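Listing of coords_5.txt; format and content: compact mmCIF, N, CA and C atoms.
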# COMPACT_ATOMS: atom_id res chain seq x y z
N MET A 270 89.00 46.90 121.33
CA MET A 270 87.97 46.37 120.50
C MET A 270 88.49 46.27 119.06
N VAL A 271 88.22 45.18 118.43
CA VAL A 271 88.67 44.94 117.06
C VAL A 271 87.69 45.56 116.08
N ARG A 272 88.23 46.29 115.15
CA ARG A 272 87.38 46.87 114.10
C ARG A 272 87.36 45.89 112.93
N PHE A 273 86.19 45.34 112.68
CA PHE A 273 86.08 44.31 111.67
C PHE A 273 86.26 44.85 110.26
N ASN A 274 85.96 46.12 110.04
CA ASN A 274 86.20 46.71 108.72
C ASN A 274 87.69 46.72 108.41
N SER A 275 88.50 47.10 109.39
CA SER A 275 89.95 47.12 109.20
C SER A 275 90.47 45.70 108.97
N LEU A 276 89.96 44.77 109.73
CA LEU A 276 90.38 43.38 109.59
C LEU A 276 89.99 42.83 108.22
N LYS A 277 88.83 43.22 107.76
CA LYS A 277 88.36 42.79 106.44
C LYS A 277 89.26 43.35 105.35
N LYS A 278 89.69 44.60 105.49
CA LYS A 278 90.58 45.22 104.51
C LYS A 278 91.94 44.51 104.48
N VAL A 279 92.45 44.17 105.64
CA VAL A 279 93.73 43.46 105.72
C VAL A 279 93.61 42.09 105.07
N ALA A 280 92.53 41.39 105.34
CA ALA A 280 92.32 40.06 104.76
C ALA A 280 92.21 40.15 103.24
N GLU A 281 91.51 41.15 102.75
CA GLU A 281 91.37 41.34 101.30
C GLU A 281 92.71 41.66 100.64
N LYS A 282 93.51 42.48 101.30
CA LYS A 282 94.85 42.83 100.79
C LYS A 282 95.73 41.58 100.75
N ALA A 283 95.66 40.77 101.79
CA ALA A 283 96.45 39.53 101.82
C ALA A 283 96.02 38.60 100.69
N LYS A 284 94.73 38.48 100.46
CA LYS A 284 94.22 37.64 99.37
C LYS A 284 94.71 38.15 98.02
N GLN A 285 94.71 39.45 97.82
CA GLN A 285 95.19 40.03 96.56
C GLN A 285 96.67 39.71 96.34
N GLU A 286 97.47 39.81 97.40
CA GLU A 286 98.90 39.53 97.29
C GLU A 286 99.16 38.06 96.98
N VAL A 287 98.41 37.17 97.61
CA VAL A 287 98.55 35.74 97.34
C VAL A 287 98.18 35.46 95.89
N ASP A 288 97.09 36.04 95.42
CA ASP A 288 96.66 35.86 94.04
C ASP A 288 97.69 36.43 93.06
N LYS A 289 98.30 37.55 93.42
CA LYS A 289 99.31 38.18 92.57
C LYS A 289 100.53 37.27 92.41
N ARG A 290 100.85 36.49 93.45
CA ARG A 290 102.01 35.61 93.41
C ARG A 290 101.69 34.24 92.82
N GLY A 291 100.45 34.01 92.38
CA GLY A 291 100.14 32.76 91.72
C GLY A 291 99.19 31.86 92.47
N GLY A 292 98.59 32.32 93.54
CA GLY A 292 97.62 31.52 94.28
C GLY A 292 98.25 30.73 95.41
N THR A 293 97.41 29.96 96.08
CA THR A 293 97.87 29.24 97.27
C THR A 293 98.84 28.12 96.93
N ASP A 294 98.67 27.48 95.77
CA ASP A 294 99.60 26.41 95.40
C ASP A 294 101.01 26.96 95.19
N ALA A 295 101.12 28.10 94.51
CA ALA A 295 102.42 28.73 94.31
C ALA A 295 103.01 29.18 95.64
N LEU A 296 102.15 29.65 96.53
CA LEU A 296 102.61 30.07 97.85
C LEU A 296 103.19 28.90 98.63
N LYS A 297 102.53 27.74 98.54
CA LYS A 297 103.04 26.53 99.20
C LYS A 297 104.37 26.10 98.60
N GLU A 298 104.49 26.18 97.27
CA GLU A 298 105.75 25.83 96.61
C GLU A 298 106.87 26.76 97.05
N ASP A 299 106.57 28.05 97.14
CA ASP A 299 107.56 29.02 97.59
C ASP A 299 108.00 28.72 99.03
N ALA A 300 107.05 28.38 99.87
CA ALA A 300 107.38 28.05 101.27
C ALA A 300 108.27 26.82 101.34
N ASN A 301 107.96 25.81 100.53
CA ASN A 301 108.80 24.60 100.51
C ASN A 301 110.19 24.91 99.96
N GLU A 302 110.26 25.80 98.98
CA GLU A 302 111.56 26.19 98.43
C GLU A 302 112.40 26.89 99.50
N LEU A 303 111.78 27.80 100.25
CA LEU A 303 112.50 28.49 101.32
C LEU A 303 112.93 27.52 102.42
N LYS A 304 112.09 26.55 102.70
CA LYS A 304 112.42 25.53 103.70
C LYS A 304 113.64 24.74 103.25
N GLY A 305 113.67 24.36 101.97
CA GLY A 305 114.81 23.63 101.42
C GLY A 305 116.09 24.44 101.46
N ILE A 306 115.98 25.72 101.16
CA ILE A 306 117.15 26.60 101.20
C ILE A 306 117.66 26.70 102.63
N ALA A 307 116.76 26.87 103.58
CA ALA A 307 117.17 27.02 104.99
C ALA A 307 117.84 25.76 105.53
N LYS A 308 117.36 24.59 105.11
CA LYS A 308 117.93 23.33 105.60
C LYS A 308 119.15 22.89 104.82
N GLY A 309 119.40 23.50 103.66
CA GLY A 309 120.51 23.10 102.80
C GLY A 309 121.86 23.50 103.36
N LYS A 310 122.88 23.02 102.67
CA LYS A 310 124.25 23.35 103.07
C LYS A 310 124.62 24.71 102.50
N GLY A 311 125.62 25.30 103.08
CA GLY A 311 126.10 26.59 102.61
C GLY A 311 126.10 27.60 103.74
N SER A 312 126.75 28.71 103.47
CA SER A 312 126.84 29.75 104.48
C SER A 312 125.51 30.49 104.60
N LEU A 313 125.37 31.20 105.67
CA LEU A 313 124.15 31.99 105.89
C LEU A 313 124.00 33.03 104.79
N LYS A 314 125.11 33.60 104.35
CA LYS A 314 125.09 34.59 103.28
C LYS A 314 124.56 33.97 101.99
N ASP A 315 125.03 32.77 101.65
CA ASP A 315 124.56 32.08 100.44
C ASP A 315 123.07 31.75 100.54
N LYS A 316 122.65 31.31 101.71
CA LYS A 316 121.24 30.98 101.91
C LYS A 316 120.36 32.22 101.79
N ALA A 317 120.83 33.34 102.34
CA ALA A 317 120.07 34.59 102.26
C ALA A 317 119.93 35.04 100.81
N LYS A 318 121.00 34.93 100.04
CA LYS A 318 120.95 35.31 98.62
C LYS A 318 119.97 34.41 97.87
N ALA A 319 120.04 33.11 98.11
CA ALA A 319 119.15 32.17 97.43
C ALA A 319 117.69 32.43 97.83
N ALA A 320 117.44 32.70 99.09
CA ALA A 320 116.08 32.98 99.55
C ALA A 320 115.56 34.27 98.95
N GLY A 321 116.39 35.29 98.88
CA GLY A 321 115.99 36.55 98.27
C GLY A 321 115.63 36.37 96.81
N GLN A 322 116.41 35.59 96.10
CA GLN A 322 116.13 35.32 94.69
C GLN A 322 114.84 34.52 94.54
N ALA A 323 114.62 33.57 95.44
CA ALA A 323 113.40 32.75 95.39
C ALA A 323 112.16 33.60 95.62
N ILE A 324 112.24 34.58 96.50
CA ILE A 324 111.10 35.45 96.78
C ILE A 324 110.81 36.37 95.60
N LYS A 325 111.87 36.81 94.91
CA LYS A 325 111.68 37.70 93.77
C LYS A 325 110.97 37.01 92.61
N ASP A 326 111.09 35.69 92.52
CA ASP A 326 110.53 34.93 91.40
C ASP A 326 109.45 33.99 91.92
N PRO A 327 108.20 34.50 92.11
CA PRO A 327 107.15 33.67 92.69
C PRO A 327 106.73 32.51 91.82
N GLY A 328 106.50 31.38 92.45
CA GLY A 328 106.02 30.20 91.74
C GLY A 328 107.05 29.57 90.84
N ALA A 329 108.32 29.90 91.03
CA ALA A 329 109.39 29.35 90.20
C ALA A 329 109.63 27.90 90.57
N GLU A 330 110.45 27.26 89.76
CA GLU A 330 110.78 25.86 90.00
C GLU A 330 111.41 25.75 91.39
N SER A 331 110.85 24.91 92.22
CA SER A 331 111.19 24.93 93.65
C SER A 331 112.53 24.32 93.98
N THR A 332 113.10 23.49 93.15
CA THR A 332 114.32 22.81 93.55
C THR A 332 115.58 23.47 93.05
N LYS A 333 115.52 24.36 92.08
CA LYS A 333 116.73 24.94 91.51
C LYS A 333 117.55 25.70 92.54
N SER A 334 116.96 26.65 93.25
CA SER A 334 117.71 27.45 94.22
C SER A 334 118.21 26.60 95.37
N ALA A 335 117.40 25.68 95.84
CA ALA A 335 117.81 24.82 96.94
C ALA A 335 118.96 23.93 96.51
N ASP A 336 118.92 23.40 95.28
CA ASP A 336 120.00 22.55 94.79
C ASP A 336 121.29 23.34 94.64
N ARG A 337 121.19 24.57 94.13
CA ARG A 337 122.39 25.38 93.96
C ARG A 337 123.05 25.65 95.30
N THR A 338 122.26 25.91 96.32
CA THR A 338 122.81 26.17 97.64
C THR A 338 123.41 24.91 98.23
N ALA A 339 122.74 23.78 98.05
CA ALA A 339 123.21 22.51 98.62
C ALA A 339 124.46 22.01 97.93
N GLU A 340 124.67 22.34 96.65
CA GLU A 340 125.81 21.83 95.91
C GLU A 340 127.10 22.58 96.22
N ARG A 341 127.02 23.74 96.78
CA ARG A 341 128.22 24.51 97.09
C ARG A 341 129.00 23.84 98.20
N PRO A 342 130.29 23.64 98.00
CA PRO A 342 131.08 23.01 99.06
C PRO A 342 131.26 23.98 100.23
N GLU A 343 131.30 23.42 101.39
CA GLU A 343 131.50 24.24 102.58
C GLU A 343 132.96 24.65 102.64
N LYS A 344 133.18 25.89 103.06
CA LYS A 344 134.55 26.39 103.19
C LYS A 344 135.16 25.81 104.47
N PRO A 345 136.40 25.34 104.37
CA PRO A 345 137.04 24.82 105.59
C PRO A 345 137.28 25.95 106.57
N SER A 346 137.04 25.68 107.82
CA SER A 346 137.26 26.71 108.84
C SER A 346 138.75 26.82 109.14
N ALA A 347 139.18 28.05 109.36
CA ALA A 347 140.60 28.30 109.58
C ALA A 347 140.97 28.21 111.02

Reformat the file's structure so that it appears as structure tokens.
Amino acid sequence: MVRFNSLKKVAEKAKQEVDKRGGTDALKEDANELKGIAKGKGSLKDKAKAAGQAIKDPGAESTKSADRTAERPEKPSA
């Protein structure tokens, strides 16, 4: 059986976190930034670093991290 009080507390906590990061528009921008990083060029390590930085800076300019990752040349495989 689902306890609605617990569910209500979780929903309220989620709303507070979204508001803390700048609201739903900032959340959508962050999601698009992460999507761009994931689809961009570069190693998995570079993408993970860029994604971590993007998460630390909520609502930041969405194209900077993705562009930095995409501009890095791929290392030739040995």

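Distance-wise, CA of Lys297 in chain A and CA of Lys325 in chain A end up 15.1 Å apart.
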
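Here CA of Asn301 in chain A stands at a distance of 17.1 Å from atom N of Asp288 in chain A.
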
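CA of Ile324 in chain A is found 18.2 Å from atom C of Lys310 in chain A.
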
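If all atoms listed in the file are the atoms counted, then among A:Ala307, A:Pro327, A:Asp315, A:Asn274 the closest residue to Arg290 in chain A is A:Pro327.
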